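Source file: my_file16.txt. Holds: compact mmCIF, C-alpha atoms and all ligand atoms.
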# COMPACT_ATOMS: atom_id res chain seq x y z
CA MET A 229 7.60 -89.37 41.03
CA LYS A 230 7.01 -86.99 43.90
CA LYS A 231 7.57 -88.64 47.27
CA ILE A 232 4.96 -88.15 49.96
CA TYR A 233 5.69 -87.91 53.67
CA GLY A 234 3.44 -86.85 56.50
CA ILE A 235 2.44 -86.77 60.12
CA ILE A 236 -0.52 -88.62 61.57
CA GLY A 237 -2.09 -87.59 64.87
CA ASP A 238 -5.28 -86.25 66.40
CA PRO A 239 -5.29 -83.28 66.62
CA VAL A 240 -2.52 -82.53 64.15
CA GLY A 241 -3.49 -79.17 62.65
CA HIS A 242 -0.97 -77.19 64.71
CA SER A 243 1.98 -79.47 64.00
CA LEU A 244 5.14 -77.65 62.91
CA SER A 245 6.50 -80.74 61.17
CA PRO A 246 5.08 -79.89 57.70
CA VAL A 247 6.73 -76.46 57.70
CA MET A 248 10.00 -77.94 58.96
CA HIS A 249 10.25 -80.86 56.52
CA ASN A 250 8.99 -78.96 53.48
CA ALA A 251 11.66 -76.32 54.09
CA ALA A 252 14.26 -79.10 54.20
CA PHE A 253 13.00 -80.72 50.96
CA LYS A 254 13.12 -77.36 49.23
CA LYS A 255 16.63 -76.61 50.45
CA LEU A 256 17.95 -79.96 49.16
CA GLY A 257 15.93 -79.77 45.94
CA LEU A 258 14.09 -83.03 46.68
CA ASP A 259 10.85 -83.72 44.81
CA ALA A 260 8.84 -84.44 47.95
CA VAL A 261 6.00 -83.06 50.02
CA TYR A 262 5.07 -83.43 53.72
CA LEU A 263 1.43 -83.24 54.79
CA ALA A 264 -0.56 -83.48 58.02
CA PHE A 265 -3.25 -86.20 58.25
CA ARG A 266 -5.74 -86.28 61.10
CA VAL A 267 -6.20 -89.93 62.05
CA PRO A 268 -8.51 -91.00 64.91
CA LEU A 269 -7.05 -93.69 67.18
CA GLU A 270 -9.53 -96.34 66.04
CA GLU A 271 -8.46 -95.88 62.41
CA LEU A 272 -4.73 -96.09 63.04
CA GLY A 273 -4.26 -99.61 61.63
CA ASP A 274 -6.15 -98.72 58.43
CA ALA A 275 -4.13 -95.52 58.09
CA ILE A 276 -0.77 -97.29 58.35
CA ARG A 277 -1.77 -100.10 55.97
CA GLY A 278 -3.29 -97.52 53.62
CA ALA A 279 -0.15 -95.39 53.68
CA LYS A 280 1.89 -98.41 52.62
CA SER A 281 -0.57 -99.24 49.81
CA LEU A 282 -0.54 -95.66 48.58
CA GLY A 283 3.24 -95.64 48.42
CA ILE A 284 3.74 -93.01 51.09
CA SER A 285 7.46 -92.93 51.85
CA GLY A 286 7.50 -92.01 55.52
CA LEU A 287 5.31 -90.92 58.41
CA ASN A 288 5.74 -89.22 61.72
CA VAL A 289 3.32 -90.37 64.39
CA THR A 290 2.18 -88.07 67.16
CA ILE A 291 -0.26 -87.86 70.06
CA PRO A 292 -2.33 -89.97 70.77
CA LEU A 293 -1.11 -92.62 68.32
CA LYS A 294 2.53 -93.17 69.31
CA GLU A 295 2.00 -96.13 71.65
CA LYS A 296 -0.69 -97.98 69.72
CA ALA A 297 1.30 -97.67 66.48
CA LEU A 298 3.67 -100.35 67.84
CA SER A 299 0.91 -102.91 67.19
CA PHE A 300 0.87 -102.19 63.46
CA VAL A 301 4.51 -102.01 62.41
CA ALA A 302 7.75 -103.89 63.12
CA THR A 303 9.75 -101.61 65.38
CA GLU A 304 13.40 -101.22 66.38
CA GLU A 305 14.38 -102.33 69.88
CA VAL A 306 14.82 -98.92 71.55
CA ALA A 307 11.39 -97.73 70.44
CA LYS A 308 9.92 -100.97 71.77
CA LYS A 309 11.58 -100.37 75.13
CA ILE A 310 10.31 -96.79 75.16
CA GLY A 311 6.87 -98.17 74.31
CA ALA A 312 6.21 -95.60 71.59
CA LEU A 313 7.29 -94.77 68.06
CA ASN A 314 7.24 -91.44 66.27
CA THR A 315 8.62 -92.38 62.85
CA ILE A 316 7.75 -95.01 60.24
CA ASP A 317 9.97 -95.65 57.23
CA PHE A 318 8.16 -97.37 54.37
CA SER A 319 11.14 -97.64 52.02
CA SER A 320 11.38 -101.43 52.45
CA THR A 321 9.53 -103.41 55.14
CA PRO A 322 7.73 -100.70 57.13
CA THR A 323 9.78 -100.07 60.26
CA GLY A 324 9.07 -97.96 63.33
CA TYR A 325 11.59 -95.79 65.17
CA ASN A 326 11.56 -93.32 68.05
CA THR A 327 13.63 -90.22 67.32
CA ASP A 328 12.32 -88.12 70.26
CA GLY A 329 15.05 -89.38 72.57
CA ILE A 330 17.75 -89.07 69.91
CA GLY A 331 16.71 -85.44 69.44
CA ALA A 332 17.16 -84.67 73.13
CA LEU A 333 20.48 -86.51 73.30
CA MET A 334 21.81 -84.59 70.27
CA VAL A 335 20.77 -81.26 71.80
CA LEU A 336 22.50 -82.07 75.08
CA GLU A 337 25.66 -83.40 73.44
CA GLU A 338 25.87 -80.21 71.44
CA THR A 339 25.47 -78.19 74.65
CA VAL A 340 27.63 -80.08 77.16
CA GLY A 341 29.65 -82.61 75.13
CA GLU A 342 29.96 -86.04 76.71
CA ILE A 343 26.82 -87.16 78.57
CA ARG A 344 28.43 -90.12 80.35
CA GLY A 345 28.67 -89.52 84.09
CA LYS A 346 26.46 -86.42 84.08
CA ASN A 347 23.78 -86.06 86.75
CA VAL A 348 20.52 -85.37 84.96
CA LEU A 349 17.26 -84.47 86.67
CA ILE A 350 14.23 -85.08 84.45
CA LEU A 351 10.85 -83.64 85.42
CA GLY A 352 8.01 -85.86 84.20
CA ALA A 353 7.35 -89.51 83.45
CA GLY A 354 5.09 -89.33 80.38
CA GLY A 355 5.91 -90.29 76.81
CA ALA A 356 8.51 -87.57 76.30
CA ALA A 357 10.26 -88.27 79.61
CA ARG A 358 10.36 -91.97 78.76
CA ALA A 359 12.00 -91.41 75.38
CA ILE A 360 14.56 -88.96 76.74
CA SER A 361 15.44 -90.97 79.84
CA PHE A 362 16.02 -94.18 77.86
CA TYR A 363 18.56 -92.46 75.63
CA LEU A 364 20.34 -90.62 78.43
CA ASP A 365 20.47 -93.75 80.58
CA ALA A 366 21.89 -95.74 77.66
CA SER A 367 24.49 -92.99 77.16
CA GLY A 368 25.78 -93.41 80.69
CA ALA A 369 24.10 -90.47 82.43
CA MET A 370 22.90 -90.78 86.02
CA VAL A 371 19.21 -90.06 85.66
CA THR A 372 16.87 -88.91 88.43
CA LEU A 373 13.16 -88.68 87.62
CA ALA A 374 10.69 -86.46 89.47
CA ASN A 375 7.03 -86.61 88.57
CA ARG A 376 3.77 -85.33 90.01
CA THR A 377 2.42 -88.89 90.07
CA GLU A 378 5.33 -90.52 91.86
CA GLY A 379 4.35 -94.07 90.95
CA ARG A 380 4.97 -93.33 87.27
CA SER A 381 8.51 -92.01 87.80
CA ALA A 382 9.37 -94.90 90.14
CA GLN A 383 8.13 -97.37 87.54
CA LEU A 384 10.09 -95.69 84.75
CA ALA A 385 13.28 -95.56 86.86
CA SER A 386 13.00 -99.27 87.58
CA ASN A 387 13.13 -99.97 83.84
CA LEU A 388 16.38 -98.02 83.38
CA ARG A 389 19.93 -99.17 84.14
CA ASN A 390 21.13 -96.39 86.41
CA ALA A 391 18.20 -94.25 87.49
CA ASN A 392 16.23 -93.35 90.58
CA SER A 393 13.14 -91.34 91.32
CA ILE A 394 12.29 -88.64 93.87
CA SER A 395 9.18 -86.66 94.68
CA LEU A 396 8.45 -83.26 93.16
CA GLY A 397 8.60 -81.82 96.71
CA ALA A 398 11.30 -81.00 99.24
CA GLU A 399 13.87 -83.44 97.83
CA LEU A 400 14.15 -81.33 94.68
CA LYS A 401 16.32 -78.66 96.25
CA ASN A 402 19.28 -80.91 97.07
CA GLN A 403 18.86 -82.88 93.88
CA ILE A 404 19.11 -79.74 91.72
CA ARG A 405 22.17 -78.60 93.65
CA ASP A 406 23.85 -81.90 92.72
CA SER A 407 22.65 -81.92 89.10
CA ASP A 408 24.51 -80.94 85.94
CA ILE A 409 21.43 -80.88 83.74
CA LEU A 410 17.75 -80.16 84.43
CA ILE A 411 15.18 -81.16 81.81
CA ASN A 412 11.51 -80.24 81.91
CA ALA A 413 9.81 -83.13 80.09
CA THR A 414 6.32 -82.21 81.32
CA SER A 415 3.80 -79.99 79.59
CA VAL A 416 4.03 -77.41 82.41
CA GLY A 417 4.61 -73.92 80.97
CA MET A 418 3.04 -74.68 77.61
CA HIS A 419 0.67 -72.17 75.99
CA PRO A 420 -1.88 -71.09 77.23
CA LYS A 421 -0.59 -71.62 80.82
CA GLU A 422 2.63 -69.76 80.15
CA ASP A 423 3.18 -68.56 83.72
CA ALA A 424 3.60 -72.06 85.13
CA THR A 425 6.93 -73.59 86.10
CA LEU A 426 7.86 -76.48 88.39
CA ILE A 427 11.24 -74.94 89.33
CA THR A 428 12.08 -71.34 90.20
CA ALA A 429 15.35 -69.38 90.07
CA ASP A 430 16.13 -69.75 93.78
CA LEU A 431 16.64 -73.50 93.33
CA MET A 432 19.02 -73.20 90.36
CA HIS A 433 22.78 -72.63 90.12
CA PRO A 434 24.65 -70.93 87.26
CA ASP A 435 26.45 -74.12 86.12
CA LEU A 436 23.21 -76.04 85.72
CA VAL A 437 22.19 -76.66 82.10
CA VAL A 438 18.45 -75.95 81.85
CA PHE A 439 16.57 -77.55 78.98
CA ASP A 440 12.82 -77.23 78.42
CA ILE A 441 11.16 -79.50 75.85
CA VAL A 442 8.20 -77.09 75.65
CA TYR A 443 8.59 -74.92 72.52
CA ASN A 444 5.39 -72.89 72.63
CA PRO A 445 6.32 -70.31 73.89
CA ILE A 446 9.99 -70.59 72.87
CA GLU A 447 11.09 -68.90 76.10
CA THR A 448 9.09 -70.61 78.82
CA LYS A 449 8.73 -69.43 82.39
CA LEU A 450 11.29 -72.07 83.42
CA LEU A 451 13.84 -70.63 80.99
CA LYS A 452 13.09 -67.09 82.22
CA GLU A 453 13.76 -68.31 85.76
CA ALA A 454 17.01 -69.89 84.56
CA LYS A 455 18.09 -66.54 83.09
CA ARG A 456 17.24 -64.87 86.38
CA ALA A 457 19.43 -67.40 88.21
CA GLY A 458 22.38 -66.57 85.94
CA VAL A 459 22.31 -69.99 84.25
CA LYS A 460 24.86 -69.97 81.42
CA LYS A 461 23.51 -72.77 79.25
CA ILE A 462 19.81 -72.55 78.43
CA VAL A 463 18.22 -74.76 75.77
CA ASP A 464 14.72 -74.28 74.37
CA GLY A 465 12.37 -76.91 72.95
CA VAL A 466 12.72 -75.83 69.32
CA LYS A 467 16.10 -77.57 69.10
CA MET A 468 14.71 -80.92 70.24
CA LEU A 469 11.79 -80.65 67.83
CA VAL A 470 14.21 -79.91 65.01
CA TYR A 471 16.67 -82.67 65.93
CA GLN A 472 14.00 -85.35 66.23
CA GLY A 473 12.70 -84.18 62.85
CA ALA A 474 16.21 -84.19 61.42
CA ALA A 475 16.73 -87.77 62.63
CA SER A 476 13.48 -88.86 60.92
CA PHE A 477 14.50 -86.97 57.75
CA LYS A 478 17.82 -88.80 57.67
CA LEU A 479 16.14 -92.20 58.13
CA TRP A 480 13.78 -91.51 55.23
CA THR A 481 15.97 -89.70 52.71
CA LYS A 482 19.50 -90.87 53.73
CA GLU A 483 20.48 -87.21 53.14
CA ASP A 484 22.13 -84.96 55.73
CA PRO A 485 19.30 -82.79 57.04
CA PRO A 486 19.68 -79.01 56.67
CA VAL A 487 19.22 -78.44 60.39
CA GLU A 488 19.56 -74.66 60.32
CA VAL A 489 16.94 -74.28 57.59
CA MET A 490 14.59 -76.53 59.58
CA GLU A 491 15.15 -74.54 62.77
CA ASN A 492 14.56 -71.24 61.00
CA ALA A 493 11.32 -72.53 59.48
CA VAL A 494 10.03 -73.67 62.89
CA THR A 495 11.05 -70.46 64.63
CA ALA A 496 9.40 -68.32 61.94
CA ALA A 497 6.17 -70.34 62.22
CA LEU A 498 6.18 -70.03 66.02
CA ILE A 499 6.75 -66.29 65.96
CA ARG A 500 3.91 -65.88 63.46
P1 LIG B 1 3.96 -86.51 76.87
O1 LIG B 1 3.80 -87.69 75.94
O2 LIG B 1 4.00 -85.19 76.16
O3 LIG B 1 5.07 -86.67 77.84
P2 LIG B 1 2.03 -87.29 78.88
O4 LIG B 1 2.41 -88.72 78.69
O5 LIG B 1 0.60 -86.94 79.04
O6 LIG B 1 2.56 -86.41 77.68
O7 LIG B 1 2.87 -86.73 80.13
C1 LIG B 1 2.74 -85.43 80.62
C2 LIG B 1 3.70 -85.23 81.77
O8 LIG B 1 3.53 -83.90 82.30
C3 LIG B 1 3.47 -86.18 82.94
O9 LIG B 1 4.72 -86.44 83.56
C4 LIG B 1 2.57 -85.34 83.85
O10 LIG B 1 2.58 -85.72 85.20
P3 LIG B 1 1.59 -86.90 85.73
O11 LIG B 1 2.24 -88.18 85.36
O12 LIG B 1 1.53 -86.68 87.20
O13 LIG B 1 0.26 -86.66 85.05
C5 LIG B 1 3.20 -83.99 83.67
N1 LIG B 1 2.30 -82.88 84.03
C6 LIG B 1 1.28 -82.40 83.30
N2 LIG B 1 0.69 -81.34 83.93
C7 LIG B 1 1.36 -81.19 85.10
C8 LIG B 1 1.25 -80.27 86.20
N3 LIG B 1 0.32 -79.31 86.21
N4 LIG B 1 2.12 -80.40 87.23
C9 LIG B 1 3.08 -81.35 87.23
N5 LIG B 1 3.24 -82.24 86.21
C10 LIG B 1 2.40 -82.17 85.17

Starting from the file, give its structure as structure tokens.
Amino acid sequence: MKKIYGIIGDPVGHSLSPVMHNAAFKKLGLDAVYLAFRVPLEELGDAIRGAKSLGISGLNVTIPLKEKALSFVATEEVAKKIGALNTIDFSSTPTGYNTDGIGALMVLEETVGEIRGKNVLILGAGGAARAISFYLDASGAMVTLANRTEGRSAQLASNLRNANSISLGAELKNQIRDSDILINATSVGMHPKEDATLITADLMHPDLVVFDIVYNPIETKLLKEAKRAGVKKIVDGVKMLVYQGAASFKLWTKEDPPVEVMENAVTAALIR
């Protein structure tokens, strides 16, 4: 029987996950379909219980449901620490996972190799920054968090093993000079405010790895600034989207995800 997967969120109409996962199912010849379901926050519990009753095989969970979903499904430890899940596997007892952080870690390992001992500056302290910083911290990176609302980054840093927080102001300059990796985990630069960036070229150095989790547009203002600064390793948000999706795909299907096919599907949809 055809297996059904999907994403729940609100709004969810612009999600690229259906295009990405359906391309992967097709490539591997799996009899499965991935759909988007708009679920209001107050109906989340019904939606998860209903998905189980209907025999849905797996769900992704997106904004604004990721945190509340923890109340409705047994969840692995890391996702609990992050305080949010983005994947539910219904194949046995429904279980929640968070693959956002794994996606970022995979992207960075592919770009720089070993993460242990690297100085990483993360901009932001929201859900995405939380997921990424937990994985990088656990992998032995030295994480510095800088967020507009300083209290949030200080709070997040205090929950990590080896992290500190600074302001988004004057301290940034020295911190970037001493950093190996800069990650924008805020929504700054996202369509329609494409001209916005928290960091400009004059603060960057060529050996800095610059990674933006924003994927719409694919080349954000931050990444344009990185190019201008002669940065050699620039990573866009499509990769992280694809790798978190690939990690969910692997959890659900136990198959090796066709990452390139997934990336091409996402890129084509974004360009359209
Ligand atoms: P997500 O789950 O995508 O991370 P979020 O939890 O709403 O979304 O977090 C958004 C992040 O972008 C936050 O770190 C936010 O900073 P605040 O904590 O100060 O709100 C950051 N952000 C959004 N717009 C910003 C802006 N114009 N300037 C600086 N930071 C911004």

Need to verify the contact set: Ile330 (chain A), 9 Å, all atoms listed in the file, exclusion of same-chain residues closer than 5 positions in sequence. Can you return it as a PyMOL selection string? chain A and resi 335+359-360+363+468+471-472+475

From CA of Leu388 (chain A) to CA of Leu426 (chain A) the spacing works out at 23.7 Å

Near Ile284 (chain A), within 8 Å and counting only C-alpha atoms, which residues show up once chain neighbours fewer than 6 positions away are dropped, as an NGL selection string? :A and (231-233 or 318)

Using only C-alpha atoms and all ligand atoms, tabulate the residues of chain A lying at most 8 Å from any atom of ligand LIG 1 (chain B), each with its closest atom pair and that distance in Å to one decimal, by chain and increasing residue number, as CSV.
residue,atom,partner,partner_atom,distance
A:Ile291,CA,B:LIG1,O1,7.1
A:Leu351,CA,B:LIG1,O9,7.0
A:Gly352,CA,B:LIG1,O9,3.4
A:Ala353,CA,B:LIG1,O9,4.0
A:Gly354,CA,B:LIG1,O4,3.2
A:Gly355,CA,B:LIG1,O1,3.5
A:Ala356,CA,B:LIG1,O3,3.9
A:Ala357,CA,B:LIG1,O3,5.7
A:Arg358,CA,B:LIG1,O3,7.5
A:Asn375,CA,B:LIG1,O9,5.5
A:Arg376,CA,B:LIG1,O12,3.8
A:Thr377,CA,B:LIG1,O12,3.7
A:Glu378,CA,B:LIG1,O12,7.1
A:Arg380,CA,B:LIG1,O11,6.1
A:Ser381,CA,B:LIG1,O11,7.7
A:Ala413,CA,B:LIG1,O3,6.3
A:Thr414,CA,B:LIG1,O8,3.4
A:Ser415,CA,B:LIG1,O8,4.8
A:Val416,CA,B:LIG1,C7,5.4
A:Leu426,CA,B:LIG1,C9,6.9

Here's a test: counting only C-alpha atoms, identify every protein, DNA and RNA residue with an atom at most 10 Å from (19.8, -80.3, 85.6) in the file's coordinate frame, and state them as a ChimeraX atom specification. /A:346-351,371-372,403-412,432-433,435-439

Atom pair CA of Asp238 (chain A) / CA of Leu450 (chain A): separation (Å):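 The value is 27.7 Å.
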
Need the shell around region 257-274 of chain A: protein/DNA/RNA residues with any atom at most 9 Å away, counting all atoms listed in the file. Skip same-chain ones fewer than 4 positions apart. Format as number ranges by chain? A: 229-241, 243, 245-247, 249-250, 252-253, 278-279, 287, 292-293, 296-297, 299-300

Output file for the selection above: C-alpha atoms, as an mmCIF file, in the coordinates of the input:
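That gives us selection23.cif:
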data_model
loop_
_atom_site.group_PDB
_atom_site.id
_atom_site.type_symbol
_atom_site.label_atom_id
_atom_site.label_comp_id
_atom_site.auth_asym_id
_atom_site.auth_seq_id
_atom_site.Cartn_x
_atom_site.Cartn_y
_atom_site.Cartn_z
ATOM 1 C CA MET A 229 7.600 -89.370 41.030
ATOM 2 C CA LYS A 230 7.010 -86.990 43.900
ATOM 3 C CA LYS A 231 7.570 -88.640 47.270
ATOM 4 C CA ILE A 232 4.960 -88.150 49.960
ATOM 5 C CA TYR A 233 5.690 -87.910 53.670
ATOM 6 C CA GLY A 234 3.440 -86.850 56.500
ATOM 7 C CA ILE A 235 2.440 -86.770 60.120
ATOM 8 C CA ILE A 236 -0.520 -88.620 61.570
ATOM 9 C CA GLY A 237 -2.090 -87.590 64.870
ATOM 10 C CA ASP A 238 -5.280 -86.250 66.400
ATOM 11 C CA PRO A 239 -5.290 -83.280 66.620
ATOM 12 C CA VAL A 240 -2.520 -82.530 64.150
ATOM 13 C CA GLY A 241 -3.490 -79.170 62.650
ATOM 14 C CA SER A 243 1.980 -79.470 64.000
ATOM 15 C CA SER A 245 6.500 -80.740 61.170
ATOM 16 C CA PRO A 246 5.080 -79.890 57.700
ATOM 17 C CA VAL A 247 6.730 -76.460 57.700
ATOM 18 C CA HIS A 249 10.250 -80.860 56.520
ATOM 19 C CA ASN A 250 8.990 -78.960 53.480
ATOM 20 C CA ALA A 252 14.260 -79.100 54.200
ATOM 21 C CA PHE A 253 13.000 -80.720 50.960
ATOM 22 C CA GLY A 278 -3.290 -97.520 53.620
ATOM 23 C CA ALA A 279 -0.150 -95.390 53.680
ATOM 24 C CA LEU A 287 5.310 -90.920 58.410
ATOM 25 C CA PRO A 292 -2.330 -89.970 70.770
ATOM 26 C CA LEU A 293 -1.110 -92.620 68.320
ATOM 27 C CA LYS A 296 -0.690 -97.980 69.720
ATOM 28 C CA ALA A 297 1.300 -97.670 66.480
ATOM 29 C CA SER A 299 0.910 -102.910 67.190
ATOM 30 C CA PHE A 300 0.870 -102.190 63.460
#

List the spatial neighbours of Asp430 (chain A) as a PDB file with C-alpha atoms, keeping the file's coordinate frame - criterion: any atom at most 9 Å away, only C-alpha atoms, same-chain residues fewer than 4 positions off excluded.
ATOM      1  CA  GLU A 453      13.760 -68.310  85.760  1.00  0.00           C
ATOM      2  CA  ARG A 456      17.240 -64.870  86.380  1.00  0.00           C
ATOM      3  CA  ALA A 457      19.430 -67.400  88.210  1.00  0.00           C
TER       4      ALA A 457
END

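Of the residues under consideration (A:Glu305, A:Asp317, A:Glu295, A:Glu422), A:Asp317 shows the shortest atom-to-atom contact distance to Trp480 (chain A) when counting all atoms listed in the file.
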
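Between CA of Gly473 (chain A) and CA of Arg344 (chain A) the interatomic distance comes to 24.3 Å.
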
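With all atoms listed in the file as the atoms that count, the residue of A:Ile276, A:Val306, A:Ala385, A:Ala474 with the shortest distance to Met248 (chain A) is A:Ala474.
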
Glu488 (chain A) environment, 10 Å, all atoms listed in the file, sequence neighbours closer than 6 positions dropped, as a ChimeraX atom specification: /A:252,467,470,494

Emit as AutoDock Vina command-line options the padded axis-aligned box for all listed atoms of region 287-297 of chain A, 4 Å per side, with centre and edge lengths in Å to one decimal.
--center_x 1.7 --center_y -92.9 --center_z 65.0 --size_x 16.1 --size_y 18.1 --size_z 21.2

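Counting all atoms listed in the file and comparing A:Ala382, A:Lys478, A:Met334, A:Thr339, the residue that lies closest to Ser367 (chain A) is A:Met334.
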
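Ranking A:Ala374, A:Asp484, A:Leu469, A:Ala493 by their shortest atom-to-atom distance to Gly397 (chain A), with all atoms listed in the file included, puts A:Ala374 first.
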